[in-house]
$ cat model.txt   # compact mmCIF, C-alpha atoms and all ligand atoms
# COMPACT_ATOMS: atom_id res chain seq x y z
CA MET A 749 31.96 -98.95 -7.33
CA GLN A 750 35.66 -98.25 -7.02
CA PHE A 751 35.99 -95.20 -9.18
CA ASN A 752 38.49 -92.63 -8.01
CA ASN A 753 41.85 -94.31 -8.26
CA PHE A 754 42.35 -94.90 -11.98
CA GLN A 755 45.82 -94.67 -13.49
CA ALA A 756 47.00 -92.15 -16.10
CA THR A 757 45.37 -93.03 -19.42
CA PRO A 758 47.65 -94.47 -22.12
CA ILE A 759 49.25 -92.37 -24.86
CA GLN A 760 49.95 -94.26 -28.08
CA LYS A 761 51.29 -93.51 -31.54
CA LEU A 762 48.89 -93.50 -34.48
CA SER A 763 49.65 -94.69 -38.01
CA GLU A 764 48.18 -91.43 -39.37
CA ASN A 765 50.51 -89.20 -41.37
CA VAL A 766 49.37 -85.78 -42.56
CA ASN A 767 52.01 -83.32 -43.85
CA ASN A 768 54.84 -85.23 -42.17
CA ASN A 769 53.54 -84.71 -38.65
CA THR A 770 53.53 -87.56 -36.14
CA PHE A 771 50.32 -88.25 -34.27
CA TYR A 772 49.73 -89.61 -30.80
CA ILE A 773 46.46 -90.19 -28.99
CA LYS A 774 45.66 -90.01 -25.29
CA ARG A 775 43.07 -92.66 -24.56
CA ASP A 776 40.69 -90.97 -22.14
CA ASP A 777 38.06 -93.21 -23.72
CA LEU A 778 39.70 -95.99 -21.67
CA ILE A 779 39.04 -94.45 -18.24
CA PRO A 780 37.63 -97.54 -16.52
CA ILE A 781 34.19 -96.22 -15.53
CA SER A 782 31.04 -96.51 -17.62
CA PHE A 783 32.80 -96.46 -21.04
CA GLY A 784 35.13 -93.68 -19.97
CA GLY A 785 35.66 -90.36 -21.68
CA ASN A 786 36.15 -86.81 -20.45
CA LYS A 787 32.79 -86.92 -18.64
CA ALA A 788 34.06 -89.85 -16.54
CA ARG A 789 37.18 -87.88 -15.61
CA LYS A 790 34.98 -84.96 -14.53
CA ALA A 791 32.30 -87.11 -12.85
CA VAL A 792 34.80 -88.67 -10.46
CA LEU A 793 35.58 -85.21 -9.04
CA PHE A 794 31.91 -84.20 -8.92
CA PHE A 795 31.00 -87.29 -6.92
CA GLU A 796 33.83 -86.64 -4.47
CA ASN A 797 32.27 -83.22 -3.99
CA ILE A 798 28.78 -84.70 -3.64
CA GLU A 799 30.06 -86.93 -0.84
CA ARG A 800 31.76 -84.02 0.92
CA SER A 801 28.56 -81.94 0.70
CA SER A 802 26.44 -84.90 1.92
CA SER A 803 23.88 -84.32 -0.84
CA ASP A 804 21.42 -87.16 -1.34
CA CYS A 805 20.36 -86.79 -4.98
CA VAL A 806 21.73 -85.33 -8.19
CA VAL A 807 20.20 -83.16 -10.91
CA THR A 808 21.85 -82.59 -14.28
CA TYR A 809 21.14 -81.72 -17.89
CA GLY A 810 21.91 -83.16 -21.34
CA SER A 811 20.57 -84.38 -24.69
CA SER A 812 19.83 -88.02 -25.50
CA SER A 813 23.37 -88.31 -26.96
CA SER A 814 24.92 -87.05 -23.73
CA ASN A 815 27.87 -89.07 -22.49
CA HIS A 816 27.83 -86.91 -19.37
CA CYS A 817 24.28 -88.00 -18.43
CA ARG A 818 25.09 -91.68 -18.97
CA ILE A 819 28.06 -91.55 -16.61
CA ILE A 820 26.34 -89.48 -13.92
CA ALA A 821 23.35 -91.88 -14.12
CA ASN A 822 25.66 -94.89 -13.78
CA ILE A 823 27.63 -93.63 -10.77
CA ALA A 824 24.46 -92.35 -9.06
CA ALA A 825 22.89 -95.80 -9.48
CA ALA A 826 26.03 -97.45 -8.06
CA LYS A 827 25.85 -95.15 -5.04
CA GLY A 828 22.12 -95.66 -4.66
CA ILE A 829 21.24 -91.97 -4.97
CA PRO A 830 18.39 -90.74 -7.21
CA CYS A 831 19.42 -89.04 -10.47
CA TYR A 832 17.19 -86.49 -12.23
CA ILE A 833 17.97 -85.51 -15.79
CA VAL A 834 16.46 -82.58 -17.67
CA SER A 835 16.68 -83.15 -21.41
CA PRO A 836 15.78 -80.96 -24.43
CA SER A 837 12.91 -82.47 -26.44
CA GLU A 838 14.56 -81.16 -29.66
CA SER A 839 17.33 -83.80 -29.36
CA SER A 840 15.61 -86.78 -27.76
CA ASN A 841 16.16 -89.48 -30.42
CA THR A 842 16.91 -93.00 -29.21
CA THR A 843 20.62 -93.67 -28.67
CA SER A 844 22.65 -96.22 -26.72
CA ASN A 845 23.32 -93.52 -24.12
CA LYS A 846 19.59 -92.86 -23.73
CA LYS A 847 18.87 -96.58 -23.30
CA MET A 848 21.55 -96.88 -20.64
CA ILE A 849 20.23 -93.83 -18.78
CA GLU A 850 16.85 -95.60 -18.62
CA LEU A 851 18.52 -98.83 -17.50
CA PHE A 852 20.20 -96.98 -14.62
CA GLY A 853 16.78 -95.81 -13.46
CA SER A 854 17.36 -92.07 -13.86
CA LEU A 855 14.24 -89.93 -14.01
CA VAL A 856 14.26 -87.93 -17.23
CA THR A 857 12.16 -84.78 -17.73
CA GLU A 858 11.95 -83.63 -21.34
CA CYS A 859 11.13 -80.03 -22.19
CA PRO A 860 11.78 -77.55 -25.02
CA VAL A 861 15.30 -76.17 -24.87
CA SER A 862 13.89 -72.69 -24.07
CA GLU A 863 12.33 -74.13 -20.89
CA VAL A 864 15.44 -75.92 -19.64
CA SER A 865 16.64 -73.46 -17.00
CA ASN A 866 13.13 -73.01 -15.55
CA THR A 867 12.63 -76.78 -15.47
CA ILE A 868 15.94 -77.29 -13.64
CA ALA A 869 15.11 -74.55 -11.10
CA LYS A 870 11.69 -76.11 -10.50
CA LYS A 871 13.17 -79.61 -10.09
CA MET A 872 15.69 -78.31 -7.54
CA SER A 873 13.06 -76.48 -5.49
CA ASP A 874 10.59 -79.41 -5.62
CA LEU A 875 13.29 -81.73 -4.28
CA ARG A 876 14.18 -79.29 -1.49
CA VAL A 877 10.51 -78.98 -0.52
CA LYS A 878 10.36 -82.78 -0.26
CA GLY A 879 13.29 -82.68 2.18
CA TYR A 880 16.07 -83.75 -0.18
CA LYS A 881 19.48 -82.10 -0.49
CA PRO A 882 19.96 -82.04 -4.29
CA TYR A 883 23.33 -81.46 -5.95
CA PHE A 884 23.27 -79.75 -9.34
CA ILE A 885 25.86 -80.57 -12.02
CA GLU A 886 25.86 -78.28 -15.05
CA GLY A 887 25.48 -79.90 -18.48
CA GLY A 888 28.70 -81.58 -19.60
CA GLY A 889 30.20 -81.25 -16.11
CA HIS A 890 30.93 -77.56 -16.64
CA GLY A 891 32.54 -75.45 -13.88
CA ASP A 892 35.79 -75.29 -11.89
CA ILE A 893 35.51 -78.94 -10.83
CA GLY A 894 35.30 -80.05 -14.48
CA THR A 895 38.20 -77.74 -15.32
CA GLN A 896 40.24 -79.35 -12.51
CA ALA A 897 39.75 -82.76 -14.15
CA TYR A 898 41.67 -81.56 -17.23
CA VAL A 899 44.32 -79.75 -15.24
CA ASN A 900 44.91 -83.26 -13.87
CA ALA A 901 44.97 -84.74 -17.40
CA TYR A 902 47.51 -82.09 -18.40
CA LYS A 903 49.74 -83.27 -15.52
CA GLU A 904 49.50 -86.80 -16.90
CA ILE A 905 50.73 -85.48 -20.26
CA LEU A 906 53.68 -83.74 -18.54
CA ASN A 907 54.56 -86.96 -16.71
CA TYR A 908 54.44 -88.88 -19.98
CA GLU A 909 56.75 -86.34 -21.62
CA ALA A 910 59.17 -86.47 -18.70
CA SER A 911 59.38 -90.25 -18.78
CA SER A 912 59.53 -90.64 -22.60
CA GLY A 913 61.73 -87.61 -23.31
CA MET A 914 59.35 -86.42 -25.99
CA TYR A 915 57.49 -83.12 -26.34
CA PHE A 916 54.12 -82.46 -27.97
CA ASP A 917 54.06 -79.26 -30.02
CA TYR A 918 50.29 -79.38 -30.37
CA ILE A 919 47.38 -80.76 -28.38
CA PHE A 920 44.10 -81.08 -30.29
CA HIS A 921 40.75 -82.23 -28.91
CA THR A 922 36.99 -81.87 -29.38
CA THR A 923 35.63 -78.84 -27.60
CA GLY A 924 31.97 -78.54 -26.58
CA THR A 925 31.10 -76.73 -23.36
CA GLY A 926 34.79 -75.83 -23.21
CA THR A 927 35.66 -77.30 -19.81
CA THR A 928 38.12 -79.82 -21.21
CA GLN A 929 39.89 -77.07 -23.12
CA ALA A 930 39.84 -74.75 -20.10
CA GLY A 931 41.53 -77.41 -17.95
CA LEU A 932 44.24 -78.07 -20.53
CA VAL A 933 44.87 -74.35 -21.02
CA CYS A 934 45.07 -73.80 -17.24
CA GLY A 935 47.51 -76.71 -16.97
CA LYS A 936 49.65 -75.13 -19.65
CA ILE A 937 49.57 -71.68 -18.01
CA LEU A 938 50.36 -73.03 -14.54
CA ASN A 939 53.32 -74.92 -15.99
CA GLY A 940 54.52 -71.98 -18.13
CA ASP A 941 54.45 -73.99 -21.41
CA GLU A 942 54.46 -72.58 -24.95
CA ARG A 943 52.78 -75.36 -26.93
CA LYS A 944 49.49 -74.85 -28.77
CA ILE A 945 46.22 -76.27 -27.48
CA ILE A 946 43.58 -76.29 -30.17
CA GLY A 947 39.95 -77.02 -29.40
CA VAL A 948 38.01 -78.12 -32.48
CA SER A 949 34.40 -77.19 -31.82
CA ASN A 950 31.71 -79.77 -32.56
CA ALA A 951 28.83 -77.27 -32.35
CA ARG A 952 29.39 -73.85 -30.82
CA LYS A 953 30.54 -70.85 -32.82
CA ASN A 954 32.73 -67.91 -31.97
CA PRO A 955 32.66 -65.51 -30.31
CA TYR A 956 30.40 -67.35 -27.81
CA GLY A 957 32.27 -70.69 -27.81
CA GLY A 958 35.70 -69.16 -27.24
CA GLN A 959 34.33 -66.73 -24.68
CA VAL A 960 32.96 -69.59 -22.55
CA VAL A 961 36.39 -71.25 -22.57
CA LEU A 962 38.03 -67.96 -21.60
CA ASP A 963 35.53 -67.42 -18.77
CA SER A 964 36.16 -70.96 -17.50
CA VAL A 965 39.94 -70.46 -17.59
CA ASN A 966 39.71 -67.16 -15.72
CA SER A 967 37.26 -68.51 -13.17
CA TYR A 968 39.72 -71.29 -12.35
CA LEU A 969 42.77 -68.97 -12.30
CA LEU A 970 40.88 -66.55 -10.08
CA SER A 971 40.17 -69.35 -7.59
CA LEU A 972 43.97 -69.78 -7.34
CA ASN A 973 44.65 -66.02 -7.16
CA LYS A 974 46.59 -66.17 -10.44
CA GLU A 975 46.83 -63.52 -13.13
CA LEU A 976 43.93 -63.68 -15.62
CA ILE A 977 44.41 -64.11 -19.37
CA ASP A 978 42.76 -62.60 -22.47
CA SER A 979 41.14 -64.16 -25.51
CA ASP A 980 44.39 -64.37 -27.56
CA ALA A 981 45.38 -67.30 -25.38
CA ILE A 982 42.40 -69.42 -26.51
CA ALA A 983 42.34 -71.30 -29.84
CA PHE A 984 38.70 -72.28 -30.25
CA ILE A 985 38.21 -73.35 -33.89
CA ASP A 986 34.65 -73.29 -35.27
CA ASP A 987 35.44 -74.05 -38.95
CA TYR A 988 34.43 -77.70 -38.77
CA ILE A 989 31.04 -77.67 -37.05
CA LEU A 990 29.15 -78.16 -40.37
CA GLU A 991 25.44 -77.68 -39.60
CA GLY A 992 26.04 -77.82 -35.86
CA TYR A 993 25.64 -80.40 -33.08
CA GLY A 994 25.41 -83.96 -34.39
CA SER A 995 25.84 -83.11 -38.10
CA TYR A 996 28.51 -84.97 -40.07
CA ASN A 997 29.63 -85.72 -43.62
CA ASP A 998 31.23 -88.55 -45.64
CA LYS A 999 34.74 -87.32 -44.90
CA ILE A 1000 34.11 -87.74 -41.17
CA LEU A 1001 32.84 -91.29 -41.72
CA LYS A 1002 35.92 -92.07 -43.85
CA THR A 1003 38.20 -90.65 -41.13
CA ILE A 1004 36.51 -92.76 -38.44
CA LYS A 1005 36.70 -95.88 -40.57
CA SER A 1006 40.38 -95.35 -41.30
CA VAL A 1007 41.35 -94.86 -37.62
CA LEU A 1008 39.26 -97.89 -36.67
CA ILE A 1009 40.88 -100.13 -39.30
CA ASN A 1010 44.47 -98.89 -38.99
CA ASP A 1011 44.69 -98.39 -35.23
CA GLY A 1012 41.69 -100.25 -33.81
CA ILE A 1013 40.30 -97.17 -32.08
CA PRO A 1014 36.58 -96.27 -32.26
CA MET A 1015 35.41 -92.68 -32.68
CA ASP A 1016 31.98 -91.14 -33.23
CA THR A 1017 30.48 -88.54 -35.57
CA THR A 1018 29.26 -86.07 -32.90
CA TYR A 1019 32.53 -85.56 -30.99
CA THR A 1020 35.85 -87.30 -31.55
CA GLY A 1021 35.60 -88.33 -35.24
CA LYS A 1022 34.38 -84.89 -36.20
CA ALA A 1023 37.23 -83.15 -34.38
CA PHE A 1024 39.85 -85.61 -35.64
CA TRP A 1025 38.73 -84.81 -39.19
CA GLY A 1026 38.72 -81.08 -38.34
CA MET A 1027 42.25 -81.39 -36.93
CA LYS A 1028 43.54 -82.91 -40.17
CA GLU A 1029 41.87 -80.19 -42.25
CA TYR A 1030 43.31 -77.52 -39.96
CA ILE A 1031 46.82 -78.98 -40.22
CA MET A 1032 46.68 -78.96 -44.01
CA LYS A 1033 45.13 -75.50 -44.24
CA ASN A 1034 47.77 -74.01 -41.95
CA TYR A 1035 50.71 -75.91 -43.53
CA ILE A 1036 51.71 -77.40 -40.18
CA THR A 1037 54.54 -79.85 -40.76
CA GLY A 1038 57.22 -81.78 -38.87
CA LYS A 1039 55.43 -81.48 -35.53
CA ARG A 1040 54.49 -83.94 -32.83
CA VAL A 1041 50.73 -83.78 -32.33
CA LEU A 1042 48.70 -85.22 -29.45
CA PHE A 1043 44.97 -85.80 -29.96
CA ILE A 1044 42.91 -86.41 -26.84
CA HIS A 1045 40.30 -89.11 -27.29
CA THR A 1046 37.53 -87.69 -25.12
CA GLY A 1047 35.35 -90.82 -25.26
CA GLY A 1048 31.81 -91.38 -26.46
CA THR A 1049 32.22 -95.06 -27.32
CA PRO A 1050 28.46 -95.85 -27.11
CA LEU A 1051 27.93 -93.27 -29.87
CA PHE A 1052 30.31 -95.28 -32.07
CA PHE A 1053 27.85 -98.18 -31.99
CA ASP A 1054 25.00 -95.85 -32.97
CA ILE A 1055 26.75 -95.05 -36.28
CA LEU A 1056 28.00 -98.54 -37.07
CA GLU A 1057 25.48 -99.03 -39.91
CA ALA A 1058 26.44 -95.74 -41.56
CA LEU A 1059 30.09 -96.67 -41.17
CA LYS A 1060 29.60 -100.08 -42.73
CA ASN A 1061 27.90 -98.54 -45.77
CA GLU A 1062 30.59 -95.90 -46.23
C1 LIG B 1101 31.27 -83.69 -23.87
C2 LIG B 1101 32.26 -84.23 -24.83
C3 LIG B 1101 33.24 -83.41 -25.41
C4 LIG B 1101 33.32 -81.93 -25.14
O1 LIG B 1101 33.89 -81.67 -23.89
P1 LIG B 1101 33.71 -80.26 -23.17
O2 LIG B 1101 34.48 -80.36 -21.93
O3 LIG B 1101 32.24 -80.09 -22.94
O4 LIG B 1101 34.21 -79.23 -24.10
C5 LIG B 1101 34.15 -83.99 -26.26
N1 LIG B 1101 34.10 -85.31 -26.54
C6 LIG B 1101 33.18 -86.13 -26.01
C7 LIG B 1101 33.19 -87.56 -26.40
C8 LIG B 1101 32.21 -85.63 -25.13
O5 LIG B 1101 31.30 -86.45 -24.60

$ encode --input "model.txt" --output "structure tokens" --more "lines below"
Ligand SMILES: *Cc1c(COP(=O)(O)O)cnc(C)c1O
Amino acid sequence: MQFNNFQATPIQKLSENVNNNTFYIKRDDLIPISFGGNKARKAVLFFENIERSSSDCVVTYGSSSSNHCRIIANIAAAKGIPCYIVSPSESSNTTSNKKMIELFGSLVTECPVSEVSNTIAKKMSDLRVKGYKPYFIEGGGHGDIGTQAYVNAYKEILNYEASSGMYFDYIFHTTGTGTTQAGLVCGKILNGDERKIIGVSNARKNPYGGQVVLDSVNSYLLSLNKELIDSDAIAFIDDYILEGYGSYNDKILKTIKSVLINDGIPMDTTYTGKAFWGMKEYIMKNYITGKRVLFIHTGGTPLFFDILEALKNE
């Protein structure tokens, strides 16, 4: 698998118009590895690190909807290294991601969410006892390496602006474990920019959700010996999570259908469609007008196919 030399992902204009703002989308869903997405961008850097550390198997964590687990499972299979996934039994319904994880031959251990950290620790020590050198990747590709992936994405945005002569006043995206947001915010800080980066949460609430982003930003800045920031610098919006992870409503389905029909771009109800809807609500609520807005499509295409029936009936 040739996986670490992909080009900058495309940025394209959308036909969407809310309050006289213009909308662009950065197509990280088109990263050319295992259906792309932000987890592919992060996974590439994790596997570089795995090779440097000469580990011989990988352990990670995620639900049955996890795009992260699908991509880690795919690259591990390509490299011929065993992949162990710990998964919470509370969200273990059948999805396209889950089917692919099985197809890639990953070994999944399900346990109650309260048992997850013990189960991971046990898996790591069992593997070590058997003589393996396991590499652990936090759920969602969290950590400085994941943050680095979106510092890199931020550089792609700067390059696009330099070559097109246009400037994005706002960057919106779905925020989950917060690593994507942390990388974008670090990119902005390192470049001394003023624009707003708004993470629309798909599940976590404040203060926890925003605090995790802040901790990730400061961990990364600390590794570079830069000045740390405080919570005012983080816009983590939890107004659109509904009943939490995976929950959605008719407005989200309508939003997804409209972007699919008008621009030919698939989104899903757990991540991108939910945040795209949240972004539009936020823009109206805050009377934002006349701005150039960039939405980052963080991927999850297999999840789009899981909701196709619901979408058709909408
Ligand atoms: C994981 C994921 C997110 C959230 O990214 P974080 O870096 O965890 O905040 C957003 N969109 C999609 C499609 C994802 O799979």

$ closest_residue --input "model.txt" --among "A:Phe754, A:Tyr809, A:Tyr918, A:Tyr1035" --to "ligand LIG 1101 (chain B)" --atoms "all atoms listed in the file"
A:Tyr809

$ closest_atom_pairs --input "model.txt" --of "stretch 855-933 of chain A" --to "stretch 820-824 of chain A" --cutoff "12 Å" --atoms "all atoms listed in the file" --output "CSV"
residue,atom,partner,partner_atom,distance
A:Leu855,CA,A:Ala821,CA,9.3
A:Val856,CA,A:Ala821,CA,10.4
A:Tyr883,CA,A:Ala824,CA,11.4
A:Phe884,CA,A:Ile820,CA,11.2
A:Ile885,CA,A:Ile820,CA,9.1
A:Glu886,CA,A:Ile820,CA,11.3
A:Gly887,CA,A:Ile820,CA,10.6
A:Gly888,CA,A:Ile820,CA,10.0
A:Gly889,CA,A:Ile820,CA,9.4

$ write_last_selection --input "model.txt" --atoms "C-alpha atoms" --output "PDB file, in the coordinates of the input"
ATOM      1  CA  LEU A 855      14.240 -89.930 -14.010  1.00  0.00           C
ATOM      2  CA  VAL A 856      14.260 -87.930 -17.230  1.00  0.00           C
ATOM      3  CA  TYR A 883      23.330 -81.460  -5.950  1.00  0.00           C
ATOM      4  CA  PHE A 884      23.270 -79.750  -9.340  1.00  0.00           C
ATOM      5  CA  ILE A 885      25.860 -80.570 -12.020  1.00  0.00           C
ATOM      6  CA  GLU A 886      25.860 -78.280 -15.050  1.00  0.00           C
ATOM      7  CA  GLY A 887      25.480 -79.900 -18.480  1.00  0.00           C
ATOM      8  CA  GLY A 888      28.700 -81.580 -19.600  1.00  0.00           C
ATOM      9  CA  GLY A 889      30.200 -81.250 -16.110  1.00  0.00           C
TER      10      GLY A 889
END

$ atom_distance --input "model.txt" --atom1 "atom CA of A:Arg789" --atom2 "atom CA of A:Ala897"
5.9 Å

$ atom_distance --input "model.txt" --atom1 "atom CA of A:Tyr898" --atom2 "atom CA of A:Leu932"
5.4 Å

$ atom_distance --input "model.txt" --atom1 "atom CA of A:Val834" --atom2 "atom CA of A:Thr857"
4.8 Å

$ residues_around --input "model.txt" --residues "A:Lys936" --least-positions-apart "3" --cutoff "10 Å" --atoms "all atoms listed in the file" --output "list in words"
Val899, Tyr902, Lys903, Leu906, Ala930, Gly931, Leu932, Val933, Asn939, Gly940, Asp941, Glu942, Arg943, Lys944 and Ile945 of chain A

$ residues_near_ligand --input "model.txt" --ligand "ligand LIG 1101 (chain B)" --cutoff "9 Å" --atoms "only C-alpha atoms and all ligand atoms" --output "PDB file with C-alpha atoms, in the coordinates of the input"
ATOM      1  CA  ASP A 777      38.060 -93.210 -23.720  1.00  0.00           C
ATOM      2  CA  GLY A 785      35.660 -90.360 -21.680  1.00  0.00           C
ATOM      3  CA  ASN A 786      36.150 -86.810 -20.450  1.00  0.00           C
ATOM      4  CA  LYS A 787      32.790 -86.920 -18.640  1.00  0.00           C
ATOM      5  CA  LYS A 790      34.980 -84.960 -14.530  1.00  0.00           C
ATOM      6  CA  SER A 813      23.370 -88.310 -26.960  1.00  0.00           C
ATOM      7  CA  SER A 814      24.920 -87.050 -23.730  1.00  0.00           C
ATOM      8  CA  ASN A 815      27.870 -89.070 -22.490  1.00  0.00           C
ATOM      9  CA  HIS A 816      27.830 -86.910 -19.370  1.00  0.00           C
ATOM     10  CA  GLY A 887      25.480 -79.900 -18.480  1.00  0.00           C
ATOM     11  CA  GLY A 888      28.700 -81.580 -19.600  1.00  0.00           C
ATOM     12  CA  GLY A 889      30.200 -81.250 -16.110  1.00  0.00           C
ATOM     13  CA  HIS A 890      30.930 -77.560 -16.640  1.00  0.00           C
ATOM     14  CA  GLY A 894      35.300 -80.050 -14.480  1.00  0.00           C
ATOM     15  CA  THR A 895      38.200 -77.740 -15.320  1.00  0.00           C
ATOM     16  CA  TYR A 898      41.670 -81.560 -17.230  1.00  0.00           C
ATOM     17  CA  HIS A 921      40.750 -82.230 -28.910  1.00  0.00           C
ATOM     18  CA  THR A 922      36.990 -81.870 -29.380  1.00  0.00           C
ATOM     19  CA  THR A 923      35.630 -78.840 -27.600  1.00  0.00           C
ATOM     20  CA  GLY A 924      31.970 -78.540 -26.580  1.00  0.00           C
ATOM     21  CA  THR A 925      31.100 -76.730 -23.360  1.00  0.00           C
ATOM     22  CA  GLY A 926      34.790 -75.830 -23.210  1.00  0.00           C
ATOM     23  CA  THR A 927      35.660 -77.300 -19.810  1.00  0.00           C
ATOM     24  CA  THR A 928      38.120 -79.820 -21.210  1.00  0.00           C
ATOM     25  CA  GLN A 929      39.890 -77.070 -23.120  1.00  0.00           C
ATOM     26  CA  ALA A 930      39.840 -74.750 -20.100  1.00  0.00           C
ATOM     27  CA  GLY A 931      41.530 -77.410 -17.950  1.00  0.00           C
ATOM     28  CA  GLY A 947      39.950 -77.020 -29.400  1.00  0.00           C
ATOM     29  CA  SER A 949      34.400 -77.190 -31.820  1.00  0.00           C
ATOM     30  CA  ASN A 950      31.710 -79.770 -32.560  1.00  0.00           C
ATOM     31  CA  VAL A 961      36.390 -71.250 -22.570  1.00  0.00           C
ATOM     32  CA  MET A1015      35.410 -92.680 -32.680  1.00  0.00           C
ATOM     33  CA  ASP A1016      31.980 -91.140 -33.230  1.00  0.00           C
ATOM     34  CA  THR A1018      29.260 -86.070 -32.900  1.00  0.00           C
ATOM     35  CA  TYR A1019      32.530 -85.560 -30.990  1.00  0.00           C
ATOM     36  CA  THR A1020      35.850 -87.300 -31.550  1.00  0.00           C
ATOM     37  CA  ALA A1023      37.230 -83.150 -34.380  1.00  0.00           C
ATOM     38  CA  ILE A1044      42.910 -86.410 -26.840  1.00  0.00           C
ATOM     39  CA  HIS A1045      40.300 -89.110 -27.290  1.00  0.00           C
ATOM     40  CA  THR A1046      37.530 -87.690 -25.120  1.00  0.00           C
ATOM     41  CA  GLY A1047      35.350 -90.820 -25.260  1.00  0.00           C
ATOM     42  CA  GLY A1048      31.810 -91.380 -26.460  1.00  0.00           C
ATOM     43  CA  THR A1049      32.220 -95.060 -27.320  1.00  0.00           C
ATOM     44  CA  LEU A1051      27.930 -93.270 -29.870  1.00  0.00           C
TER      45      LEU A1051
END
